[in-house]
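Data file: final.txt. Format and content: compact mmCIF, C-alpha atoms.
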# COMPACT_ATOMS: atom_id res chain seq x y z
CA MET M 1 -71.42 9.78 -29.95
CA LEU M 2 -68.79 8.95 -32.54
CA GLN M 3 -69.01 11.00 -35.75
CA TYR M 4 -69.78 8.14 -38.14
CA TYR M 5 -70.24 10.43 -41.13
CA TYR M 6 -66.44 10.34 -41.48
CA LEU M 7 -66.97 6.93 -43.02
CA ARG M 8 -67.59 8.87 -46.23
CA TYR M 9 -63.80 9.13 -46.53
CA VAL M 10 -63.68 5.38 -47.02
CA PRO M 11 -63.80 4.51 -50.75
CA LYS M 12 -67.27 3.34 -51.81
CA ALA M 13 -65.94 0.01 -53.01
CA GLU M 14 -64.68 -0.73 -49.47
CA ARG M 15 -67.45 0.89 -47.44
CA SER M 16 -69.62 -2.19 -46.95
CA ARG M 17 -66.67 -4.19 -45.61
CA VAL M 18 -65.53 -1.37 -43.34
CA VAL M 19 -69.01 -0.83 -41.91
CA GLY M 20 -69.27 -4.55 -41.24
CA ASN M 21 -65.94 -4.49 -39.43
CA LEU M 22 -67.04 -1.49 -37.39
CA GLU M 23 -70.32 -3.15 -36.45
CA ARG M 24 -68.38 -6.21 -35.28
CA LEU M 25 -66.03 -4.00 -33.25
CA ILE M 26 -68.95 -2.14 -31.67
CA ASN M 27 -70.55 -5.43 -30.65
CA GLN M 28 -67.28 -6.67 -29.15
CA LEU M 29 -66.84 -3.45 -27.15
CA ASP M 30 -70.47 -3.70 -26.00
CA ARG M 31 -69.79 -7.22 -24.71
CA GLU M 32 -66.37 -6.75 -23.18
CA VAL M 33 -66.07 -3.19 -21.82
CA PRO M 34 -68.38 -1.77 -19.13
CA ASP M 35 -70.71 1.03 -20.15
CA LYS M 36 -69.61 4.55 -19.36
CA ASP M 37 -71.82 6.06 -16.67
CA SER M 38 -72.12 9.69 -15.70
CA GLU M 39 -71.54 9.67 -11.95
CA GLN M 40 -70.52 6.38 -10.39
CA THR M 41 -67.25 5.24 -12.00
CA LEU M 42 -64.32 6.35 -14.13
CA LEU M 43 -63.15 4.16 -17.03
CA LEU M 44 -59.42 4.80 -17.39
CA ALA M 45 -57.14 3.20 -19.97
CA THR M 46 -53.61 3.20 -21.36
CA TRP M 47 -52.68 2.39 -24.96
CA ASN M 48 -49.44 2.53 -26.90
CA ILE M 49 -50.67 3.21 -30.46
CA ARG M 50 -47.70 2.18 -32.55
CA ASN M 51 -45.90 5.03 -34.38
CA PHE M 52 -49.08 7.05 -34.47
CA GLY M 53 -48.82 9.80 -37.09
CA LYS M 54 -45.51 8.50 -38.45
CA VAL M 55 -46.89 5.82 -40.76
CA ARG M 56 -49.85 6.11 -43.12
CA ARG M 57 -53.04 4.64 -41.72
CA LEU M 58 -56.12 3.82 -43.74
CA PRO M 59 -59.20 5.99 -43.06
CA GLU M 60 -60.95 2.94 -41.63
CA SER M 61 -58.12 2.45 -39.11
CA LEU M 62 -58.66 5.94 -37.72
CA MET M 63 -62.35 5.13 -37.26
CA TYR M 64 -61.60 1.84 -35.47
CA ILE M 65 -59.11 3.57 -33.16
CA ALA M 66 -61.62 6.34 -32.41
CA GLU M 67 -64.33 3.76 -31.64
CA ILE M 68 -62.10 2.03 -29.07
CA LEU M 69 -60.99 5.30 -27.47
CA SER M 70 -64.57 6.53 -27.22
CA ARG M 71 -65.46 3.71 -24.82
CA PHE M 72 -63.28 5.19 -22.07
CA ASP M 73 -63.51 8.39 -20.03
CA PHE M 74 -59.76 8.88 -19.91
CA VAL M 75 -56.93 7.37 -21.97
CA ALA M 76 -53.16 7.80 -21.65
CA VAL M 77 -51.68 7.36 -25.13
CA GLN M 78 -48.03 6.65 -25.88
CA GLU M 79 -46.00 6.79 -29.10
CA VAL M 80 -47.78 9.73 -30.75
CA VAL M 81 -45.23 10.97 -33.29
CA ASP M 82 -47.24 13.53 -35.27
CA LEU M 83 -50.52 15.22 -34.37
CA ASP M 84 -52.11 15.44 -37.84
CA ASP M 85 -53.66 11.97 -37.65
CA TRP M 86 -54.51 12.57 -33.99
CA HIS M 87 -56.58 15.60 -34.96
CA GLU M 88 -58.40 13.37 -37.45
CA VAL M 89 -59.22 10.98 -34.59
CA MET M 90 -60.44 13.92 -32.49
CA LYS M 91 -62.81 14.93 -35.30
CA ARG M 92 -64.28 11.44 -35.23
CA LEU M 93 -64.64 11.52 -31.44
CA GLY M 94 -66.65 14.74 -31.57
CA PRO M 95 -66.86 17.88 -29.41
CA ASN M 96 -67.11 16.18 -26.00
CA TYR M 97 -63.45 15.14 -26.01
CA ASP M 98 -60.26 17.08 -25.43
CA PHE M 99 -56.59 16.20 -25.01
CA ILE M 100 -53.32 17.49 -23.65
CA ALA M 101 -49.99 16.38 -25.12
CA SER M 102 -46.35 16.73 -24.17
CA ASP M 103 -43.79 18.28 -26.48
CA LYS M 104 -41.83 16.00 -28.79
CA THR M 105 -38.72 14.37 -27.42
CA HIS M 106 -35.56 15.30 -29.28
CA HIS M 107 -34.58 12.91 -32.07
CA LYS M 108 -30.95 12.87 -30.83
CA LEU M 109 -32.11 10.95 -27.77
CA GLY M 110 -33.01 7.99 -29.98
CA SER M 111 -36.65 8.21 -28.96
CA GLY M 112 -38.33 8.81 -32.31
CA GLY M 113 -39.58 12.32 -31.56
CA GLU M 114 -42.58 11.00 -29.65
CA ARG M 115 -45.26 12.72 -27.60
CA LEU M 116 -47.19 11.41 -24.61
CA LEU M 117 -50.86 12.35 -24.54
CA TYR M 118 -53.99 12.29 -22.39
CA LEU M 119 -57.43 12.05 -23.99
CA TYR M 120 -60.45 12.77 -21.79
CA ASP M 121 -64.21 13.10 -22.01
CA LYS M 122 -64.99 16.63 -20.80
CA ARG M 123 -68.42 15.52 -19.59
CA LYS M 124 -66.74 13.28 -17.03
CA VAL M 125 -63.18 14.47 -16.44
CA GLU M 126 -61.83 17.89 -15.48
CA PHE M 127 -58.25 18.91 -16.25
CA GLN M 128 -56.99 20.80 -13.20
CA ASN M 129 -54.54 23.03 -15.07
CA ILE M 130 -51.39 21.32 -13.81
CA ALA M 131 -49.01 19.60 -16.23
CA GLY M 132 -45.28 19.04 -16.43
CA GLU M 133 -42.47 16.72 -17.43
CA ILE M 134 -40.12 15.01 -14.98
CA VAL M 135 -36.66 16.55 -14.71
CA LEU M 136 -34.42 14.43 -12.49
CA PRO M 137 -32.22 16.05 -9.84
CA THR M 138 -28.49 15.41 -10.11
CA ASP M 139 -28.42 12.60 -7.56
CA MET M 140 -31.10 10.66 -9.49
CA LEU M 141 -29.64 10.89 -12.99
CA ILE M 142 -29.55 7.72 -15.09
CA THR M 143 -26.15 6.23 -15.82
CA GLU M 144 -25.16 4.97 -19.25
CA ASP M 145 -22.20 2.89 -20.30
CA THR M 146 -20.68 5.22 -22.91
CA ALA M 147 -17.63 3.02 -23.50
CA GLY M 148 -19.59 -0.01 -24.73
CA GLU M 149 -20.50 -3.21 -22.94
CA GLY M 150 -18.24 -3.67 -19.94
CA GLY M 151 -16.66 -0.24 -20.30
CA ALA M 152 -15.85 1.96 -17.35
CA LEU M 153 -17.00 5.37 -18.58
CA TYR M 154 -20.44 6.47 -17.37
CA GLN M 155 -22.41 9.69 -17.55
CA GLY M 156 -25.57 10.90 -15.88
CA LYS M 157 -28.57 11.79 -18.00
CA GLN M 158 -32.32 12.34 -18.10
CA PHE M 159 -34.98 9.99 -19.49
CA ARG M 160 -34.93 9.10 -23.18
CA ARG M 161 -38.63 10.03 -23.33
CA THR M 162 -39.60 12.36 -20.51
CA PRO M 163 -42.52 11.12 -18.35
CA PHE M 164 -45.56 13.40 -18.44
CA ILE M 165 -47.38 14.35 -15.20
CA THR M 166 -50.80 16.00 -14.95
CA ALA M 167 -53.63 16.52 -12.46
CA PHE M 168 -57.27 15.60 -13.16
CA ARG M 169 -60.54 15.10 -11.33
CA SER M 170 -63.58 12.96 -12.06
CA GLY M 171 -66.42 13.50 -9.62
CA TRP M 172 -65.02 12.87 -6.15
CA PHE M 173 -61.95 11.07 -7.49
CA LYS M 174 -58.91 13.34 -7.69
CA PHE M 175 -55.77 11.94 -9.26
CA ASP M 176 -52.25 12.90 -10.20
CA ILE M 177 -51.21 10.79 -13.16
CA CYS M 178 -47.90 10.15 -14.87
CA THR M 179 -47.63 8.35 -18.19
CA VAL M 180 -44.42 6.88 -19.55
CA HIS M 181 -42.87 5.19 -22.55
CA LEU M 182 -39.65 3.98 -21.03
CA PHE M 183 -36.41 2.90 -22.68
CA TYR M 184 -36.25 -0.61 -24.12
CA GLY M 185 -32.64 -0.98 -25.25
CA SER M 186 -31.96 -4.72 -25.04
CA SER M 187 -32.76 -7.73 -22.90
CA SER M 188 -29.37 -7.89 -21.19
CA GLY M 189 -26.26 -5.91 -20.30
CA SER M 190 -25.96 -2.16 -19.81
CA LYS M 191 -29.00 -1.33 -21.95
CA LEU M 192 -31.23 -3.49 -19.73
CA ALA M 193 -29.66 -1.80 -16.71
CA GLU M 194 -30.63 1.57 -18.19
CA ARG M 195 -34.20 0.39 -18.65
CA VAL M 196 -34.37 -0.78 -15.02
CA GLN M 197 -32.97 2.57 -13.88
CA GLU M 198 -35.61 4.50 -15.81
CA ILE M 199 -38.40 2.46 -14.19
CA ASP M 200 -36.84 2.91 -10.75
CA ARG M 201 -36.33 6.66 -11.15
CA VAL M 202 -39.83 7.50 -12.37
CA ALA M 203 -41.44 5.44 -9.57
CA ASP M 204 -39.14 7.02 -6.97
CA TYR M 205 -39.68 10.56 -8.26
CA PHE M 206 -43.46 10.27 -8.51
CA ALA M 207 -43.78 8.46 -5.14
CA ASP M 208 -42.15 11.45 -3.44
CA ARG M 209 -45.46 13.23 -3.99
CA ALA M 210 -47.42 10.62 -2.02
CA ILE M 211 -47.63 12.37 1.35
CA GLU M 212 -48.68 15.67 -0.24
CA ALA M 213 -51.22 13.88 -2.42
CA GLN M 214 -52.74 11.93 0.47
CA LYS M 215 -53.29 15.16 2.43
CA ASP M 216 -55.35 16.45 -0.49
CA GLY M 217 -57.22 13.17 -0.94
CA ARG M 218 -55.53 12.49 -4.26
CA SER M 219 -54.51 9.16 -5.76
CA LEU M 220 -51.27 8.62 -7.69
CA ILE M 221 -51.47 6.66 -10.94
CA LEU M 222 -48.37 5.65 -12.88
CA LEU M 223 -49.15 4.03 -16.21
CA GLY M 224 -48.04 3.40 -19.76
CA ASP M 225 -45.44 1.35 -21.57
CA PHE M 226 -42.76 0.33 -19.04
CA ASN M 227 -41.24 -2.41 -21.20
CA ILE M 228 -41.53 -4.76 -18.23
CA VAL M 229 -40.53 -8.32 -19.06
CA HIS M 230 -42.61 -10.34 -16.55
CA PRO M 231 -43.94 -9.99 -12.97
CA ASP M 232 -40.85 -11.48 -11.30
CA HIS M 233 -38.29 -9.68 -13.46
CA GLU M 234 -36.07 -6.88 -12.12
CA THR M 235 -37.99 -4.44 -14.34
CA MET M 236 -41.16 -5.10 -12.30
CA ILE M 237 -39.28 -5.09 -9.00
CA ALA M 238 -38.01 -1.60 -9.86
CA LEU M 239 -41.62 -0.40 -10.23
CA ARG M 240 -42.97 -2.02 -7.06
CA ARG M 241 -40.16 -1.13 -4.66
CA HIS M 242 -41.36 2.45 -4.20
CA GLY M 243 -44.85 1.51 -3.02
CA PHE M 244 -46.81 1.37 -6.27
CA ARG M 245 -49.24 -1.51 -6.52
CA ILE M 246 -50.62 -3.20 -9.61
CA PRO M 247 -54.11 -4.74 -9.46
CA ASP M 248 -54.04 -8.53 -9.65
CA ALA M 249 -56.57 -8.35 -12.48
CA LEU M 250 -53.92 -6.70 -14.70
CA ASN M 251 -51.20 -9.24 -14.02
CA ARG M 252 -51.37 -10.39 -17.65
CA PRO M 253 -49.35 -9.88 -20.85
CA SER M 254 -50.52 -7.03 -23.08
CA ASN M 255 -48.48 -7.51 -26.25
CA LEU M 256 -49.85 -9.35 -29.27
CA ASP M 257 -48.18 -12.72 -28.73
CA LEU M 258 -48.89 -12.70 -24.98
CA THR M 259 -45.26 -12.93 -23.92
CA LYS M 260 -44.54 -9.51 -22.34
CA TYR M 261 -45.98 -7.37 -19.57
CA TYR M 262 -44.89 -4.08 -21.12
CA ASP M 263 -48.03 -2.08 -20.28
CA GLN M 264 -48.98 -1.40 -16.67
CA ILE M 265 -51.34 0.67 -14.54
CA ALA M 266 -49.84 1.11 -11.06
CA PHE M 267 -51.48 2.85 -8.11
CA MET M 268 -50.62 4.53 -4.87
CA THR M 269 -54.10 4.93 -3.46
CA ASP M 270 -56.50 3.72 -0.79
CA GLU M 271 -57.18 0.03 -0.26
CA GLU M 272 -60.84 0.38 -1.21
CA THR M 273 -59.95 1.54 -4.74
CA LEU M 274 -57.66 -1.43 -5.30
CA GLU M 275 -60.17 -3.92 -3.88
CA PHE M 276 -62.84 -2.55 -6.21
CA ILE M 277 -60.59 -2.95 -9.26
CA ASP M 278 -59.69 -6.52 -8.24
CA ARG M 279 -63.27 -7.63 -7.68
CA ARG M 280 -63.68 -11.00 -9.39
CA THR M 281 -66.41 -11.75 -11.91
CA ASP M 282 -66.85 -14.12 -14.84
CA GLU M 283 -68.84 -11.50 -16.77
CA LEU M 284 -66.59 -9.25 -18.86
CA LYS M 285 -69.22 -6.53 -18.88
CA LYS M 286 -69.11 -6.32 -15.07
CA ALA M 287 -65.32 -6.51 -14.71
CA ASN M 288 -63.34 -3.61 -13.27
CA ALA M 289 -60.15 -4.27 -15.23
CA GLY M 290 -59.22 -5.77 -18.55
CA ILE M 291 -57.17 -5.88 -21.73
CA PHE M 292 -59.02 -5.37 -24.99
CA GLU M 293 -58.26 -7.70 -27.91
CA ILE M 294 -57.90 -5.32 -30.86
CA PHE M 295 -57.74 -7.91 -33.65
CA LYS M 296 -60.76 -9.99 -32.70
CA SER M 297 -63.13 -7.84 -34.81
CA VAL M 298 -60.97 -5.79 -37.19
CA PHE M 299 -57.88 -6.76 -39.22
CA ARG M 300 -58.58 -10.34 -38.14
CA ASP M 301 -56.18 -13.22 -38.74
CA GLN M 302 -58.33 -14.47 -41.62
CA ASP M 303 -58.57 -11.09 -43.41
CA THR M 304 -55.26 -11.12 -45.32
CA GLN M 305 -56.89 -11.24 -48.77
CA GLU M 306 -59.09 -8.21 -47.98
CA TYR M 307 -55.95 -6.08 -47.72
CA GLU M 308 -53.71 -7.72 -50.30
CA ALA M 309 -53.58 -4.62 -52.51
CA GLU M 310 -52.41 -2.52 -49.54
CA LEU M 311 -49.90 -5.16 -48.49
CA ARG M 312 -48.37 -5.12 -51.97
CA LYS M 313 -47.70 -1.37 -51.66
CA LYS M 314 -45.22 -2.04 -48.85
CA ALA M 315 -41.70 -3.34 -49.35
CA GLY M 316 -42.33 -6.01 -46.75
CA GLY M 317 -45.26 -7.48 -48.66
CA LYS M 318 -44.43 -6.71 -52.28
CA ASP M 319 -42.93 -10.06 -53.25
CA LYS M 320 -44.47 -12.34 -50.63
CA GLN M 321 -46.96 -15.09 -51.41
CA GLY M 322 -49.23 -17.41 -49.44
CA ALA M 323 -48.19 -18.10 -45.85
CA ALA M 324 -45.35 -15.56 -46.02
CA LEU M 325 -47.77 -12.78 -47.00
CA THR M 326 -50.18 -13.80 -44.24
CA GLN M 327 -47.36 -13.73 -41.70
CA TYR M 328 -46.33 -10.24 -42.84
CA TYR M 329 -49.95 -9.08 -42.54
CA LYS M 330 -50.39 -10.53 -39.04
CA SER M 331 -47.06 -9.72 -37.44
CA SER M 332 -46.25 -6.37 -39.04
CA TRP M 333 -48.64 -4.58 -41.42
CA ARG M 334 -51.77 -4.60 -39.28
CA THR M 335 -49.81 -3.49 -36.19
CA PHE M 336 -49.06 -0.23 -38.02
CA GLN M 337 -52.79 0.15 -38.75
CA MET M 338 -53.82 -0.44 -35.13
CA SER M 339 -50.94 -1.28 -32.76
CA ASP M 340 -48.67 -3.97 -31.43
CA HIS M 341 -50.00 -3.22 -27.94
CA LYS M 342 -53.48 -3.82 -26.56
CA PRO M 343 -55.44 -1.22 -24.57
CA MET M 344 -55.37 -1.92 -20.83
CA TRP M 345 -58.12 -0.46 -18.66
CA VAL M 346 -59.54 -0.16 -15.16
CA ARG M 347 -62.82 1.01 -13.69
CA ILE M 348 -62.54 3.21 -10.58
CA LYS M 349 -65.23 4.43 -8.19
CA SER M 350 -65.64 8.17 -8.63
CA ASN M 351 -68.67 8.87 -6.46
CA ALA M 352 -67.87 9.11 -2.73
CA ALA M 353 -70.99 11.04 -1.74
CA ALA M 354 -72.36 8.28 0.52
CA ALA M 355 -69.12 7.98 2.50
CA TYR M 356 -68.87 11.77 2.82
CA LEU M 357 -72.43 12.09 4.12
CA ALA M 358 -71.89 9.25 6.57
CA GLY M 359 -68.78 11.00 7.84
CA LEU M 360 -70.72 14.23 8.41
CA LYS M 361 -73.23 12.34 10.57
CA SER M 362 -70.49 10.98 12.80
CA ASP M 363 -68.60 14.30 13.24

So that I can check it, write out the structure of this file as structure tokens.
Amino acid sequence: MLQYYYLRYVPKAERSRVVGNLERLINQLDREVPDKDSEQTLLLATWNIRNFGKVRRLPESLMYIAEILSRFDFVAVQEVVDLDDWHEVMKRLGPNYDFIASDKTHHKLGSGGERLLYLYDKRKVEFQNIAGEIVLPTDMLITEDTAGEGGALYQGKQFRRTPFITAFRSGWFKFDICTVHLFYGSSSGSKLAERVQEIDRVADYFADRAIEAQKDGRSLILLGDFNIVHPDHETMIALRRHGFRIPDALNRPSNLDLTKYYDQIAFMTDEETLEFIDRRTDELKKANAGIFEIFKSVFRDQDTQEYEAELRKKAGGKDKQGAALTQYYKSSWRTFQMSDHKPMWVRIKSNAAAAYLAGLKSD
């Protein structure tokens, strides 16, 4: 249960509004995300929470983020810059949750000093004491045009932000998981080529574990922010070519303006798991995959005036009026309170007792 007493950190003058927002968010989550159960399924999500810990968030924002996270058993989180705010979120989640985070990437790599992180509900998910970051062998190093566009000088290098691999178990479902926040660069030229290479290398590297994983009955999950442009783009081809499959139900944009397919959850697993995820239903509550709309209940399009005083504290909103202020609120300010990415999630069967017992009868 979320620790709602942290709402006391919200100023009294704002508390009624914040509680109303939270109630609306709770109702939306109740309608659109399946209930967590103890034994049958695993609710797994990925969410890039924009510049988390780098920019000041309102106390209410931390509560909204915690409420969303609490609806999943396991969440891969990207773009965690500083852990102070994350520890505040953990306090709001309560004692049943734990996390494991990677070290910061070095600022000289142009990656913002970010961490990758896994949050999990200890009542449902067991960390299996294996964690590491991908270090590419020499023959897989990423090439960069160091002489500018069209130049001839290249060098081999590692990822800008090192992918983070761990091993977990939920019930009968054992999984090795790798989360990424891959290089964006630009939409063309050598920087796009570098992005494609990063996607290709992480999928190739992680897929090498497939045979070993299958022997142990483990699934491989590769997820996070790939900065993929669209399903037919070379960025997606680079992910798929090594055998990873993306559920049809997640073949949708996940950024705010619904133009990019940056976030992905890709699997190398048994056919039954993928068929379960792709099961069709018109009822959101019974779906096995989805993308959660974060601004439907909080920081809504029509809420600009509620936050005008906060908007005026920022250089971007200080001198804006009317439609310009609203545009700043919608396209920028609120994305630093929540994110410019939406949480993407899947539901996976985690109880294989029936199949195991049936197999014993036939042995």

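Residue nearest M:Leu2, chosen from M:Ile65, M:Ala249, M:Ala358, M:Leu192 and counting only C-alpha atoms: M:Ile65.
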
Please list as a short mmCIF file (atom, residue, chain, number, x, y, z; two decimals) with C-alpha atoms, in the coordinates of the input every residue within 9 Å of stretch 301-307 of chain M, counting all atoms listed in the file and excluding residues in the same chain fewer than 2 positions away.
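Printed below is around_14.cif as written:
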data_model
loop_
_atom_site.label_atom_id
_atom_site.label_comp_id
_atom_site.auth_asym_id
_atom_site.auth_seq_id
_atom_site.Cartn_x
_atom_site.Cartn_y
_atom_site.Cartn_z
CA ARG M 17 -66.67 -4.19 -45.61
CA PHE M 295 -57.74 -7.91 -33.65
CA LYS M 296 -60.76 -9.99 -32.70
CA VAL M 298 -60.97 -5.79 -37.19
CA PHE M 299 -57.88 -6.76 -39.22
CA ALA M 309 -53.58 -4.62 -52.51
CA GLU M 310 -52.41 -2.52 -49.54
CA LEU M 311 -49.90 -5.16 -48.49
CA ARG M 312 -48.37 -5.12 -51.97
CA LEU M 325 -47.77 -12.78 -47.00
CA THR M 326 -50.18 -13.80 -44.24
CA TYR M 329 -49.95 -9.08 -42.54
CA LYS M 330 -50.39 -10.53 -39.04
#

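The coordinates place atom CA of M:Gly224 at 5.5 Å from atom CA of M:Asp263.
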
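Put simply, atom CA of M:Gln214 is 10.7 Å away from atom CA of M:Asp176.
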
Using only C-alpha atoms, which of M:Ile49, M:Ser38, M:Tyr120, M:His230 sits nearest M:Arg334?
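Selected residue with least distance to M:Arg334: M:Ile49.
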
Counting only C-alpha atoms, the residue among M:Leu223, M:Ile130, M:Val81, M:Leu93 that lies closest to M:Leu62 is M:Leu93

Between atom CA of M:Tyr261 and atom CA of M:Pro231, distance in Å (one decimal)
7.4 Å

For M:Gly171: contacts at 7 Å, all atoms listed in the file, fewer than 6 positions along chain excluded, given as a ChimeraX atom specification
/M:39,350-351

Can you list, as a VMD selection string, every protein, DNA or RNA residue that comes within 12 Å of M:Trp345 when you count all atoms listed in the file, leaving out same-chain residues fewer than 3 positions away?
chain M and resid 32 to 34 42 to 47 68 to 69 71 to 76 223 to 224 247 249 to 250 254 263 to 266 277 287 to 293 342 348

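Excluding M:Arg115 itself and any same-chain residue fewer than 2 positions from it, the protein and nucleic acid residues within 9 Å of it, counting all atoms listed in the file, are Val77, Gln78, Glu79, Val80, Val81, Asp82, Leu83, Ala101, Ser102, Asp103, Lys104, Thr105, Gly113, Leu117 and Arg161 of chain M.
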
Taking (-30.2, 1.0, -18.2) in the file's own coordinates, collect the residues within 10 Å, counting all atoms listed in the file, and hand them back as number ranges by chain.
M: 142-145, 183-186, 188-199

Could you work out an axis-aligned bounding box for all listed atoms of stretch 23-39 of chain M, with 5 Å added on each of the six sides, and give its centre and edge lengths in Å to one decimal, as lines of an AutoDock Vina configuration file?
center_x = -69.1
center_y = 1.2
center_z = -24.2
size_x = 16.1
size_y = 26.9
size_z = 34.5

Residues near M:Val202, cut-off 10 Å, all atoms listed in the file, skip fewer than 5 positions along chain, as a ChimeraX atom specification
/M:134-136,140,159,162-163,178-180,182,197,207,222,238-239,242

With 12 Å as the threshold, what does the neighbourhood of (-51.5, 2.8, -3.1) contain in terms of residues, counting only C-alpha atoms? Coordinates are those of the file; answer as a PyMOL selection string.
chain M and resi 175+207+210-211+213-214+218-222+240+242-247+265-275

I need the residues from that last selection saved to file as a short mmCIF file (atom, residue, chain, number, x, y, z; two decimals), keeping the file's coordinate frame (with C-alpha atoms), if you can.
data_model
loop_
_atom_site.label_atom_id
_atom_site.label_comp_id
_atom_site.auth_asym_id
_atom_site.auth_seq_id
_atom_site.Cartn_x
_atom_site.Cartn_y
_atom_site.Cartn_z
CA PHE M 175 -55.77 11.94 -9.26
CA ALA M 207 -43.78 8.46 -5.14
CA ALA M 210 -47.42 10.62 -2.02
CA ILE M 211 -47.63 12.37 1.35
CA ALA M 213 -51.22 13.88 -2.42
CA GLN M 214 -52.74 11.93 0.47
CA ARG M 218 -55.53 12.49 -4.26
CA SER M 219 -54.51 9.16 -5.76
CA LEU M 220 -51.27 8.62 -7.69
CA ILE M 221 -51.47 6.66 -10.94
CA LEU M 222 -48.37 5.65 -12.88
CA ARG M 240 -42.97 -2.02 -7.06
CA HIS M 242 -41.36 2.45 -4.20
CA GLY M 243 -44.85 1.51 -3.02
CA PHE M 244 -46.81 1.37 -6.27
CA ARG M 245 -49.24 -1.51 -6.52
CA ILE M 246 -50.62 -3.20 -9.61
CA PRO M 247 -54.11 -4.74 -9.46
CA ILE M 265 -51.34 0.67 -14.54
CA ALA M 266 -49.84 1.11 -11.06
CA PHE M 267 -51.48 2.85 -8.11
CA MET M 268 -50.62 4.53 -4.87
CA THR M 269 -54.10 4.93 -3.46
CA ASP M 270 -56.50 3.72 -0.79
CA GLU M 271 -57.18 0.03 -0.26
CA GLU M 272 -60.84 0.38 -1.21
CA THR M 273 -59.95 1.54 -4.74
CA LEU M 274 -57.66 -1.43 -5.30
CA GLU M 275 -60.17 -3.92 -3.88
#

Rank nothing, just name the residue among M:Leu58, M:Met344, M:Val18, M:Ile177 nearest to M:Asn251, using only C-alpha atoms.
M:Met344

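Here the question is which of M:Phe52, M:Tyr205, M:Tyr356, M:Phe164 gets nearest to M:Pro137 using all atoms listed in the file, and that residue is M:Tyr205.
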
Using all atoms listed in the file, the residue out of M:Ile237, M:Leu360, M:Ile26, M:Val346 with shortest distance to M:Asp278 is M:Val346

What would the file be for stretch 62-75 of chain M if you keep N, CA and C atoms and write it as an mmCIF file, in the first residue's frame?
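For reference, result_0.cif as written:
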data_model
loop_
_atom_site.group_PDB
_atom_site.id
_atom_site.type_symbol
_atom_site.label_atom_id
_atom_site.label_comp_id
_atom_site.auth_asym_id
_atom_site.auth_seq_id
_atom_site.Cartn_x
_atom_site.Cartn_y
_atom_site.Cartn_z
ATOM 1 N N LEU M 62 6.178 13.449 -7.058
ATOM 2 C CA LEU M 62 6.768 12.231 -6.524
ATOM 3 C C LEU M 62 5.682 11.243 -6.102
ATOM 4 N N MET M 63 4.570 11.764 -5.568
ATOM 5 C CA MET M 63 3.471 10.889 -5.173
ATOM 6 C C MET M 63 2.789 10.275 -6.391
ATOM 7 N N TYR M 64 2.581 11.063 -7.434
ATOM 8 C CA TYR M 64 1.957 10.533 -8.656
ATOM 9 C C TYR M 64 2.838 9.455 -9.286
ATOM 10 N N ILE M 65 4.139 9.713 -9.339
ATOM 11 C CA ILE M 65 5.070 8.731 -9.916
ATOM 12 C C ILE M 65 5.053 7.448 -9.101
ATOM 13 N N ALA M 66 5.070 7.582 -7.768
ATOM 14 C CA ALA M 66 5.028 6.400 -6.898
ATOM 15 C C ALA M 66 3.733 5.623 -7.097
ATOM 16 N N GLU M 67 2.610 6.315 -7.259
ATOM 17 C CA GLU M 67 1.326 5.644 -7.464
ATOM 18 C C GLU M 67 1.354 4.797 -8.736
ATOM 19 N N ILE M 68 1.900 5.345 -9.815
ATOM 20 C CA ILE M 68 1.985 4.590 -11.070
ATOM 21 C C ILE M 68 2.911 3.390 -10.913
ATOM 22 N N LEU M 69 4.081 3.601 -10.340
ATOM 23 C CA LEU M 69 5.038 2.507 -10.166
ATOM 24 C C LEU M 69 4.464 1.389 -9.308
ATOM 25 N N SER M 70 3.669 1.749 -8.315
ATOM 26 C CA SER M 70 3.152 0.754 -7.374
ATOM 27 C C SER M 70 2.196 -0.237 -8.019
ATOM 28 N N ARG M 71 1.699 0.079 -9.205
ATOM 29 C CA ARG M 71 0.743 -0.810 -9.867
ATOM 30 C C ARG M 71 1.418 -1.952 -10.620
ATOM 31 N N PHE M 72 2.746 -1.988 -10.601
ATOM 32 C CA PHE M 72 3.477 -3.036 -11.316
ATOM 33 C C PHE M 72 4.347 -3.822 -10.345
ATOM 34 N N ASP M 73 4.630 -5.072 -10.704
ATOM 35 C CA ASP M 73 5.488 -5.921 -9.881
ATOM 36 C C ASP M 73 6.959 -5.622 -10.125
ATOM 37 N N PHE M 74 7.249 -5.156 -11.347
ATOM 38 C CA PHE M 74 8.642 -4.975 -11.752
ATOM 39 C C PHE M 74 8.687 -3.850 -12.777
ATOM 40 N N VAL M 75 9.588 -2.878 -12.572
ATOM 41 C CA VAL M 75 9.697 -1.759 -13.508
ATOM 42 C C VAL M 75 11.172 -1.483 -13.799
#
